[in-house]
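Structure file coords_33.pdb (PDB, C-alpha atoms) is printed below.
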```pdb
ATOM      1  CA  MET A   1      50.558  25.305 -36.147
ATOM      2  CA  GLN A   2      53.253  22.762 -35.388
ATOM      3  CA  TYR A   3      53.105  19.076 -36.352
ATOM      4  CA  ARG A   4      54.635  15.914 -34.896
ATOM      5  CA  ALA A   5      54.869  12.331 -36.128
ATOM      6  CA  LEU A   6      52.110  10.069 -34.831
ATOM      7  CA  GLY A   7      53.977   6.924 -33.895
ATOM      8  CA  ARG A   8      54.769   4.729 -36.888
ATOM      9  CA  THR A   9      51.670   5.670 -38.885
ATOM     10  CA  GLY A  10      53.458   8.069 -41.214
ATOM     11  CA  TRP A  11      51.002  10.822 -40.272
ATOM     12  CA  LYS A  12      52.086  14.167 -38.902
ATOM     13  CA  VAL A  13      49.404  15.658 -36.723
ATOM     14  CA  SER A  14      48.823  19.067 -35.207
ATOM     15  CA  THR A  15      50.359  19.400 -31.756
ATOM     16  CA  ILE A  16      47.125  20.970 -30.578
ATOM     17  CA  SER A  17      44.334  18.820 -31.946
ATOM     18  CA  PHE A  18      40.598  18.624 -31.200
ATOM     19  CA  GLY A  19      39.024  16.499 -28.476
ATOM     20  CA  ALA A  20      35.391  15.903 -29.377
ATOM     21  CA  TRP A  21      33.976  14.593 -26.081
ATOM     22  CA  ALA A  22      32.382  17.899 -25.128
ATOM     23  CA  ILE A  23      30.497  18.336 -28.420
ATOM     24  CA  GLY A  24      28.875  14.951 -27.849
ATOM     25  CA  GLY A  25      27.635  15.526 -24.299
ATOM     26  CA  THR A  26      28.196  15.161 -20.536
ATOM     27  CA  TRP A  27      29.827  18.600 -20.428
ATOM     28  CA  GLY A  28      26.638  20.625 -20.024
ATOM     29  CA  PRO A  29      24.462  22.090 -22.805
ATOM     30  CA  VAL A  30      25.874  21.999 -26.316
ATOM     31  CA  GLN A  31      24.541  23.306 -29.624
ATOM     32  CA  ASP A  32      25.423  21.530 -32.866
ATOM     33  CA  ASP A  33      25.828  24.765 -34.826
ATOM     34  CA  GLU A  34      28.309  26.069 -32.256
ATOM     35  CA  SER A  35      30.108  22.737 -32.201
ATOM     36  CA  LEU A  36      30.499  22.810 -35.978
ATOM     37  CA  ASP A  37      31.800  26.372 -35.779
ATOM     38  CA  ALA A  38      34.416  25.210 -33.264
ATOM     39  CA  LEU A  39      35.424  22.326 -35.531
ATOM     40  CA  ARG A  40      35.589  24.541 -38.612
ATOM     41  CA  ARG A  41      37.657  27.178 -36.859
ATOM     42  CA  SER A  42      40.085  24.537 -35.648
ATOM     43  CA  ILE A  43      40.623  23.285 -39.197
ATOM     44  CA  ASP A  44      41.045  26.872 -40.394
ATOM     45  CA  LEU A  45      43.883  27.239 -37.887
ATOM     46  CA  GLY A  46      45.725  24.095 -38.962
ATOM     47  CA  VAL A  47      44.253  21.320 -36.823
ATOM     48  CA  ASN A  48      44.245  18.068 -38.779
ATOM     49  CA  PHE A  49      43.482  15.493 -36.066
ATOM     50  CA  ILE A  50      40.212  14.955 -34.186
ATOM     51  CA  ASP A  51      39.619  12.485 -31.375
ATOM     52  CA  THR A  52      36.123  11.189 -30.670
ATOM     53  CA  ALA A  53      34.304   8.054 -29.469
ATOM     54  CA  ASP A  54      31.174   6.122 -30.334
ATOM     55  CA  VAL A  55      29.639   6.903 -26.928
ATOM     56  CA  TYR A  56      30.095  10.680 -27.090
ATOM     57  CA  GLY A  57      26.461  11.671 -27.361
ATOM     58  CA  ASP A  58      25.632   8.139 -28.545
ATOM     59  CA  GLY A  59      27.249   8.860 -31.929
ATOM     60  CA  ARG A  60      26.419  12.565 -32.040
ATOM     61  CA  SER A  61      30.077  13.581 -31.978
ATOM     62  CA  GLU A  62      31.014  11.160 -34.772
ATOM     63  CA  ARG A  63      28.152  12.386 -36.954
ATOM     64  CA  LEU A  64      29.146  16.030 -36.523
ATOM     65  CA  ILE A  65      32.678  15.143 -37.604
ATOM     66  CA  ALA A  66      31.287  13.356 -40.659
ATOM     67  CA  GLN A  67      29.408  16.533 -41.560
ATOM     68  CA  LEU A  68      32.587  18.583 -41.154
ATOM     69  CA  LYS A  69      34.599  16.246 -43.376
ATOM     70  CA  LYS A  70      32.044  16.563 -46.168
ATOM     71  CA  GLU A  71      32.519  20.331 -46.104
ATOM     72  CA  ARG A  72      36.316  20.411 -46.147
ATOM     73  CA  LYS A  73      38.994  19.499 -48.658
ATOM     74  CA  GLU A  74      41.839  19.281 -46.134
ATOM     75  CA  GLU A  75      43.032  15.897 -44.905
ATOM     76  CA  ILE A  76      41.455  15.378 -41.482
ATOM     77  CA  ILE A  77      42.548  12.331 -39.502
ATOM     78  CA  VAL A  78      39.863  11.014 -37.164
ATOM     79  CA  ALA A  79      40.475   8.759 -34.190
ATOM     80  CA  THR A  80      37.488   7.138 -32.552
ATOM     81  CA  LYS A  81      37.074   4.638 -29.723
ATOM     82  CA  ALA A  82      35.141   1.482 -28.969
ATOM     83  CA  GLY A  83      34.219  -0.555 -25.922
ATOM     84  CA  ARG A  84      32.280   1.690 -23.590
ATOM     85  CA  ARG A  85      28.996   0.695 -25.210
ATOM     86  CA  LEU A  86      29.320  -2.607 -23.399
ATOM     87  CA  ASN A  87      26.807  -3.060 -20.599
ATOM     88  CA  PRO A  88      28.094  -4.419 -18.351
ATOM     89  CA  HIS A  89      31.517  -3.047 -19.211
ATOM     90  CA  THR A  90      33.563  -6.202 -18.694
ATOM     91  CA  ALA A  91      36.785  -7.554 -20.121
ATOM     92  CA  GLU A  92      34.936 -10.494 -21.685
ATOM     93  CA  GLY A  93      33.031  -8.047 -23.877
ATOM     94  CA  TYR A  94      36.189  -7.038 -25.726
ATOM     95  CA  ASN A  95      35.839  -9.853 -28.223
ATOM     96  CA  LYS A  96      35.874 -10.035 -32.010
ATOM     97  CA  ALA A  97      32.098 -10.009 -32.438
ATOM     98  CA  ASN A  98      31.498  -6.958 -30.261
ATOM     99  CA  LEU A  99      34.458  -4.998 -31.585
ATOM    100  CA  THR A 100      33.371  -5.689 -35.160
ATOM    101  CA  ALA A 101      29.852  -4.447 -34.382
ATOM    102  CA  PHE A 102      31.198  -1.288 -32.754
ATOM    103  CA  VAL A 103      33.472  -0.639 -35.734
ATOM    104  CA  GLU A 104      30.623  -1.069 -38.201
ATOM    105  CA  ARG A 105      28.534   1.450 -36.268
ATOM    106  CA  SER A 106      31.357   4.015 -36.234
ATOM    107  CA  LEU A 107      31.966   3.481 -39.942
ATOM    108  CA  LYS A 108      28.332   4.384 -40.530
ATOM    109  CA  ASN A 109      28.376   7.382 -38.177
ATOM    110  CA  LEU A 110      31.573   8.769 -39.728
ATOM    111  CA  ASP A 111      30.445   7.791 -43.239
ATOM    112  CA  VAL A 112      33.782   6.218 -44.181
ATOM    113  CA  GLU A 113      34.951   2.867 -45.523
ATOM    114  CA  ALA A 114      37.798   2.514 -43.018
ATOM    115  CA  LEU A 115      38.478   4.121 -39.647
ATOM    116  CA  ASP A 116      41.759   6.037 -39.530
ATOM    117  CA  LEU A 117      42.512   5.051 -35.944
ATOM    118  CA  LEU A 118      40.450   2.947 -33.551
ATOM    119  CA  GLN A 119      41.265   3.012 -29.846
ATOM    120  CA  LEU A 120      40.058   0.637 -27.154
ATOM    121  CA  HIS A 121      38.124   2.957 -24.842
ATOM    122  CA  CYS A 122      39.585   2.611 -21.358
ATOM    123  CA  PRO A 123      38.836  -1.100 -21.012
ATOM    124  CA  PRO A 124      39.278  -3.009 -17.752
ATOM    125  CA  THR A 125      42.928  -3.689 -16.968
ATOM    126  CA  GLN A 126      42.442  -7.389 -17.692
ATOM    127  CA  VAL A 127      41.945  -6.632 -21.396
ATOM    128  CA  TYR A 128      45.594  -5.659 -21.768
ATOM    129  CA  TYR A 129      46.461  -9.229 -20.781
ATOM    130  CA  MET A 130      44.149 -10.727 -23.447
ATOM    131  CA  PRO A 131      46.085 -11.250 -26.717
ATOM    132  CA  GLU A 132      42.892 -12.374 -28.433
ATOM    133  CA  THR A 133      41.526  -8.820 -28.235
ATOM    134  CA  PHE A 134      44.522  -7.458 -30.107
ATOM    135  CA  ASP A 135      44.332 -10.359 -32.569
ATOM    136  CA  ALA A 136      40.769  -9.244 -33.325
ATOM    137  CA  LEU A 137      42.005  -5.718 -34.020
ATOM    138  CA  ASP A 138      44.680  -7.105 -36.342
ATOM    139  CA  GLU A 139      41.952  -8.950 -38.253
ATOM    140  CA  LEU A 140      39.927  -5.757 -38.589
ATOM    141  CA  VAL A 141      42.988  -4.047 -40.071
ATOM    142  CA  LYS A 142      43.469  -6.919 -42.535
ATOM    143  CA  ALA A 143      39.785  -6.685 -43.455
ATOM    144  CA  GLY A 144      40.218  -3.033 -44.372
ATOM    145  CA  LYS A 145      37.949  -1.752 -41.608
ATOM    146  CA  LEU A 146      40.773   0.020 -39.739
ATOM    147  CA  ARG A 147      43.984   1.651 -40.871
ATOM    148  CA  TYR A 148      45.578   1.592 -37.422
ATOM    149  CA  TYR A 149      44.649   0.981 -33.819
ATOM    150  CA  GLY A 150      45.698   2.085 -30.361
ATOM    151  CA  VAL A 151      44.379   2.326 -26.829
ATOM    152  CA  SER A 152      43.006   4.886 -24.426
ATOM    153  CA  VAL A 153      44.056   4.067 -20.880
ATOM    154  CA  GLU A 154      43.457   5.096 -17.294
ATOM    155  CA  ARG A 155      46.743   3.904 -15.784
ATOM    156  CA  VAL A 156      50.428   3.856 -16.613
ATOM    157  CA  GLU A 157      50.484   0.084 -16.027
ATOM    158  CA  GLU A 158      47.928  -0.329 -18.814
ATOM    159  CA  ALA A 159      49.896   1.906 -21.167
ATOM    160  CA  LEU A 160      53.097  -0.045 -20.613
ATOM    161  CA  LYS A 161      51.343  -3.379 -21.158
ATOM    162  CA  ALA A 162      49.506  -2.174 -24.270
ATOM    163  CA  ILE A 163      52.645  -1.174 -26.135
ATOM    164  CA  GLU A 164      54.027  -4.681 -25.789
ATOM    165  CA  TYR A 165      51.600  -5.562 -28.606
ATOM    166  CA  PRO A 166      53.529  -4.765 -31.793
ATOM    167  CA  ASN A 167      50.693  -3.152 -33.731
ATOM    168  CA  VAL A 168      49.536  -0.722 -31.042
ATOM    169  CA  GLN A 169      50.383   2.587 -32.703
ATOM    170  CA  THR A 170      49.111   5.081 -30.132
ATOM    171  CA  VAL A 171      48.314   5.489 -26.460
ATOM    172  CA  GLN A 172      45.902   8.095 -25.208
ATOM    173  CA  ILE A 173      46.588   8.898 -21.568
ATOM    174  CA  ILE A 174      45.684  11.632 -19.099
ATOM    175  CA  PHE A 175      48.681  13.942 -18.956
ATOM    176  CA  ASN A 176      48.679  17.474 -17.642
ATOM    177  CA  ILE A 177      50.137  19.659 -14.890
ATOM    178  CA  PHE A 178      48.035  17.679 -12.393
ATOM    179  CA  ARG A 179      48.972  14.236 -13.773
ATOM    180  CA  MET A 180      52.723  13.807 -14.242
ATOM    181  CA  ARG A 181      53.347  10.132 -13.591
ATOM    182  CA  PRO A 182      53.534   9.148 -17.307
ATOM    183  CA  ILE A 183      56.832  11.058 -17.578
ATOM    184  CA  GLU A 184      58.715   8.595 -15.411
ATOM    185  CA  LEU A 185      58.436   5.168 -17.045
ATOM    186  CA  PHE A 186      55.973   5.383 -19.880
ATOM    187  CA  PHE A 187      57.384   8.260 -21.931
ATOM    188  CA  PRO A 188      60.878   6.741 -22.377
ATOM    189  CA  GLU A 189      59.384   3.379 -23.346
ATOM    190  CA  ALA A 190      56.942   4.969 -25.811
ATOM    191  CA  ILE A 191      59.805   6.851 -27.438
ATOM    192  CA  ARG A 192      61.831   3.637 -27.684
ATOM    193  CA  ARG A 193      58.964   1.804 -29.351
ATOM    194  CA  LYS A 194      57.933   4.795 -31.534
ATOM    195  CA  VAL A 195      54.426   4.932 -30.116
ATOM    196  CA  GLY A 196      52.362   8.103 -30.502
ATOM    197  CA  ILE A 197      51.015   9.717 -27.330
ATOM    198  CA  LEU A 198      47.753  11.647 -27.209
ATOM    199  CA  ALA A 199      47.547  13.762 -24.059
ATOM    200  CA  ARG A 200      43.929  13.674 -23.001
ATOM    201  CA  VAL A 201      42.146  15.717 -20.315
ATOM    202  CA  PRO A 202      44.939  18.272 -20.865
ATOM    203  CA  LEU A 203      43.142  21.000 -18.908
ATOM    204  CA  ALA A 204      42.030  18.771 -16.008
ATOM    205  CA  SER A 205      38.349  19.121 -16.938
ATOM    206  CA  GLY A 206      38.701  22.889 -17.105
ATOM    207  CA  LEU A 207      40.482  23.421 -13.796
ATOM    208  CA  LEU A 208      43.636  24.466 -15.623
ATOM    209  CA  THR A 209      41.851  27.147 -17.625
ATOM    210  CA  GLY A 210      41.951  29.285 -14.483
ATOM    211  CA  LYS A 211      38.319  30.226 -15.055
ATOM    212  CA  MET A 212      36.747  28.204 -12.250
ATOM    213  CA  SER A 213      36.133  29.145  -8.634
ATOM    214  CA  ALA A 214      34.521  27.783  -5.505
ATOM    215  CA  ALA A 215      31.304  29.406  -6.727
ATOM    216  CA  SER A 216      31.306  27.628 -10.106
ATOM    217  CA  THR A 217      28.312  25.396 -10.785
ATOM    218  CA  PHE A 218      27.849  22.576 -13.272
ATOM    219  CA  ASP A 219      24.727  21.257 -15.005
ATOM    220  CA  ARG A 220      23.267  17.948 -13.901
ATOM    221  CA  ASP A 221      24.369  16.253 -17.132
ATOM    222  CA  ASP A 222      27.956  17.509 -16.734
ATOM    223  CA  HIS A 223      30.335  14.828 -15.421
ATOM    224  CA  ARG A 224      31.987  17.511 -13.293
ATOM    225  CA  ALA A 225      28.798  17.477 -11.247
ATOM    226  CA  PHE A 226      28.003  13.756 -11.170
ATOM    227  CA  ASN A 227      31.369  11.970 -11.312
ATOM    228  CA  ARG A 228      33.611  13.738  -8.809
ATOM    229  CA  HIS A 229      33.993  10.563  -6.781
ATOM    230  CA  GLY A 230      33.817   8.078  -9.647
ATOM    231  CA  GLU A 231      30.081   7.488  -9.462
ATOM    232  CA  ALA A 232      29.717   6.977 -13.244
ATOM    233  CA  PHE A 233      33.204   6.088 -14.482
ATOM    234  CA  ASP A 234      36.827   6.331 -13.363
ATOM    235  CA  ARG A 235      37.289   9.181 -10.902
ATOM    236  CA  GLY A 236      40.498  10.196 -12.647
ATOM    237  CA  GLU A 237      38.506  11.380 -15.664
ATOM    238  CA  THR A 238      37.032  14.280 -13.681
ATOM    239  CA  PHE A 239      39.466  17.032 -12.632
ATOM    240  CA  SER A 240      42.204  14.402 -13.174
ATOM    241  CA  GLY A 241      41.160  12.841  -9.883
ATOM    242  CA  VAL A 242      42.182  15.926  -7.900
ATOM    243  CA  ASP A 243      39.945  17.210  -5.130
ATOM    244  CA  TYR A 244      38.245  20.334  -6.527
ATOM    245  CA  ALA A 245      39.241  22.702  -3.707
ATOM    246  CA  THR A 246      42.839  21.487  -3.811
ATOM    247  CA  GLY A 247      42.908  21.959  -7.565
ATOM    248  CA  LEU A 248      41.665  25.531  -7.267
ATOM    249  CA  ALA A 249      44.348  26.316  -4.691
ATOM    250  CA  ALA A 250      47.044  24.858  -6.938
ATOM    251  CA  VAL A 251      45.813  26.926  -9.886
ATOM    252  CA  GLU A 252      46.230  30.087  -7.822
ATOM    253  CA  GLU A 253      49.835  29.090  -7.153
ATOM    254  CA  LEU A 254      50.373  28.460 -10.859
ATOM    255  CA  ARG A 255      48.856  31.752 -11.979
ATOM    256  CA  PRO A 256      51.943  33.933 -11.286
ATOM    257  CA  LEU A 257      54.025  31.596 -13.474
ATOM    258  CA  VAL A 258      52.000  32.327 -16.611
ATOM    259  CA  PRO A 259      54.050  34.554 -18.956
ATOM    260  CA  ALA A 260      52.632  37.884 -20.025
ATOM    261  CA  GLY A 261      50.334  37.635 -23.028
ATOM    262  CA  MET A 262      49.559  33.951 -22.427
ATOM    263  CA  SER A 263      46.274  32.645 -21.046
ATOM    264  CA  MET A 264      46.238  30.011 -18.312
ATOM    265  CA  THR A 265      44.751  27.593 -20.859
ATOM    266  CA  GLN A 266      47.612  28.216 -23.267
ATOM    267  CA  PHE A 267      50.144  27.885 -20.455
ATOM    268  CA  ALA A 268      48.770  24.474 -19.477
ATOM    269  CA  LEU A 269      48.798  23.272 -23.085
ATOM    270  CA  ARG A 270      52.271  24.664 -23.814
ATOM    271  CA  TRP A 271      53.542  22.853 -20.708
ATOM    272  CA  ILE A 272      52.381  19.546 -22.212
ATOM    273  CA  LEU A 273      54.153  20.273 -25.489
ATOM    274  CA  MET A 274      57.438  20.755 -23.655
ATOM    275  CA  PHE A 275      57.661  16.936 -23.642
ATOM    276  CA  ASP A 276      58.899  15.526 -26.941
ATOM    277  CA  ALA A 277      57.291  12.165 -26.224
ATOM    278  CA  VAL A 278      53.849  13.759 -26.621
ATOM    279  CA  THR A 279      52.490  13.827 -30.156
ATOM    280  CA  CYS A 280      49.573  16.118 -29.418
ATOM    281  CA  ALA A 281      47.224  17.443 -26.768
ATOM    282  CA  ILE A 282      43.501  17.106 -27.438
ATOM    283  CA  PRO A 283      41.608  19.858 -25.577
ATOM    284  CA  GLY A 284      37.908  20.139 -26.199
ATOM    285  CA  ALA A 285      36.061  23.184 -27.486
ATOM    286  CA  LYS A 286      32.332  23.838 -27.685
ATOM    287  CA  ARG A 287      32.715  27.264 -29.305
ATOM    288  CA  ALA A 288      35.005  28.783 -31.920
ATOM    289  CA  ALA A 289      36.587  31.202 -29.422
ATOM    290  CA  GLN A 290      37.636  28.301 -27.214
ATOM    291  CA  ALA A 291      39.188  26.574 -30.207
ATOM    292  CA  GLU A 292      41.172  29.700 -31.053
ATOM    293  CA  ASP A 293      42.504  29.989 -27.505
ATOM    294  CA  ASN A 294      43.542  26.337 -27.518
ATOM    295  CA  VAL A 295      45.211  26.336 -30.921
ATOM    296  CA  ALA A 296      47.282  29.441 -30.188
ATOM    297  CA  ALA A 297      49.292  27.403 -27.677
ATOM    298  CA  ALA A 298      50.962  25.456 -30.492
ATOM    299  CA  ASP A 299      52.993  28.441 -31.664
ATOM    300  CA  LEU A 300      53.990  29.914 -28.313
ATOM    301  CA  PRO A 301      57.666  29.960 -27.278
ATOM    302  CA  PRO A 302      58.965  27.270 -24.938
ATOM    303  CA  LEU A 303      58.558  27.726 -21.207
ATOM    304  CA  SER A 304      61.741  28.421 -19.252
ATOM    305  CA  GLU A 305      63.476  25.746 -17.222
ATOM    306  CA  GLN A 306      62.824  27.854 -14.127
ATOM    307  CA  THR A 307      59.107  27.855 -14.883
ATOM    308  CA  MET A 308      59.082  24.095 -15.490
ATOM    309  CA  GLN A 309      60.790  23.517 -12.153
ATOM    310  CA  ALA A 310      58.314  25.797 -10.375
ATOM    311  CA  VAL A 311      55.373  23.900 -11.872
ATOM    312  CA  ARG A 312      56.885  20.618 -10.737
ATOM    313  CA  ALA A 313      57.349  21.963  -7.211
ATOM    314  CA  ILE A 314      53.656  22.860  -6.990
ATOM    315  CA  TYR A 315      52.725  19.394  -8.246
ATOM    316  CA  ASP A 316      55.045  17.686  -5.785
ATOM    317  CA  ALA A 317      53.698  19.664  -2.837
ATOM    318  CA  ARG A 318      49.961  19.727  -3.559
ATOM    319  CA  ILE A 319      48.997  17.143  -6.161
ATOM    320  CA  ARG A 320      51.446  14.231  -6.082
ATOM    321  CA  PRO A 321      50.196  12.829  -2.733
ATOM    322  CA  LEU A 322      46.639  12.708  -4.093
ATOM    323  CA  VAL A 323      47.050  11.132  -7.519
ATOM    324  CA  HIS A 324      50.561  10.020  -8.398
ATOM    325  CA  GLN A 325      50.406   6.355  -7.365
ATOM    326  CA  THR A 326      46.741   5.896  -8.221
ATOM    327  CA  TRP A 327      46.926   6.258 -11.965
TER     328      TRP A 327
END
```

Entire entry expressed as structure tokens:
Amino acid sequence: MQYRALGRTGWKVSTISFGAWAIGGTWGPVQDDESLDALRRSIDLGVNFIDTADVYGDGRSERLIAQLKKERKEEIIVATKAGRRLNPHTAEGYNKANLTAFVERSLKNLDVEALDLLQLHCPPTQVYYMPETFDALDELVKAGKLRYYGVSVERVEEALKAIEYPNVQTVQIIFNIFRMRPIELFFPEAIRRKVGILARVPLASGLLTGKMSAASTFDRDDHRAFNRHGEAFDRGETFSGVDYATGLAAVEELRPLVPAGMSMTQFALRWILMFDAVTCAIPGAKRAAQAEDNVAAADLPPLSEQTMQAVRAIYDARIRPLVHQTW
């Protein structure tokens, strides 16, 4: 396992970490015993950072992580998120009272006295122009409820605005072979300000595993079935906003670029780690075997410049027109 500095926190976190959305729900059936096996295996292999949220399974994901932490002696850094419990999900809801209530609930679910890292959970764009929200987070740090805070964003504009606030330590943003816009403006600015970057949706909701086809089906409670056009939340969260058929075609073009002995999943993750601005990628895993496949990407050799250019050419031809200016 390789480790990189997480912004200005002083932590060094595993370059392949664990995204805990899938073990909470909305990714089809999940079994808690299998989820715990996936978490345990990840820690065995050197993962020391887990990303979750209070809405993943209505706290289910946080509680599983609490159970894991009771079993293990290793230092495990846990990032959670707050805000999506709001109904309606409006900018006005990101106030001190609501954020404090969300934090208290996560503290209970995770069974800790202070959250390692709290992230605003893809709030409306207006929130990034509300200093009072970030003042409330500063107060929660001073009160000992949080160690650090950051944001999870949908758009590059939001990421750039967020890091103008001096105590934003991390930005979680969709970054993968199908979502390259963050490279252009955001990455250089994040490096300049020493902000950690968590690359979320690193496998484009599974498209970049190379295991899907036109015949693939998804359960009714899987967002890949019910959110393809943004019916439930931002469309960019599902397949990175790429039309499914187009994504499949692009994967077939990518397949010949995968070096021998490397899975498509590992190729997609290793591509992300080619960018020094990225602290870690946070793929999900519902089973131990998936965790093993993910984690192996951390120790693979760098991709060649020729391969990187070929990936970019596929993006420019097939994907850029669909997503680049949207997010």

Selection result of the PyMOL selection byres ((chain A and resi 239-248) around 7) on this file, as a list in words: Phe178, Arg179, Ala204, Ser205, Leu207, Ser213, Arg235, Gly236, Glu237, Thr238, Ala249, Ala250, Val251, Glu252, Leu322 and Val323 of chain A

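Using all atoms listed in the file for every distance, the candidate list A:Glu292, A:Asp33, A:Glu305, A:Asp234 yields A:Glu292 as the residue closest to A:Gly46.
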
Looking at A:Asn294, A:Ile177, A:Ile272, A:Pro259, which one is nearest to A:Ala313, with distances taken over all atoms listed in the file? A:Ile177

How many Å lie between atom CA of A:Thr170 and atom CA of A:Lys108, rounded to one decimal? 23.2 Å

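By chain and then residue number, the residues within 10 Å of A:Met130 are Ala91, Glu92, Tyr94 and Asn95 of chain A, counting only C-alpha atoms and disregarding those fewer than 6 positions away in sequence.
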
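Using only C-alpha atoms, the smallest distance between any of A:Met274, A:Leu300, A:Leu68, A:Ala199 and A:Asn48 comes from A:Leu68.
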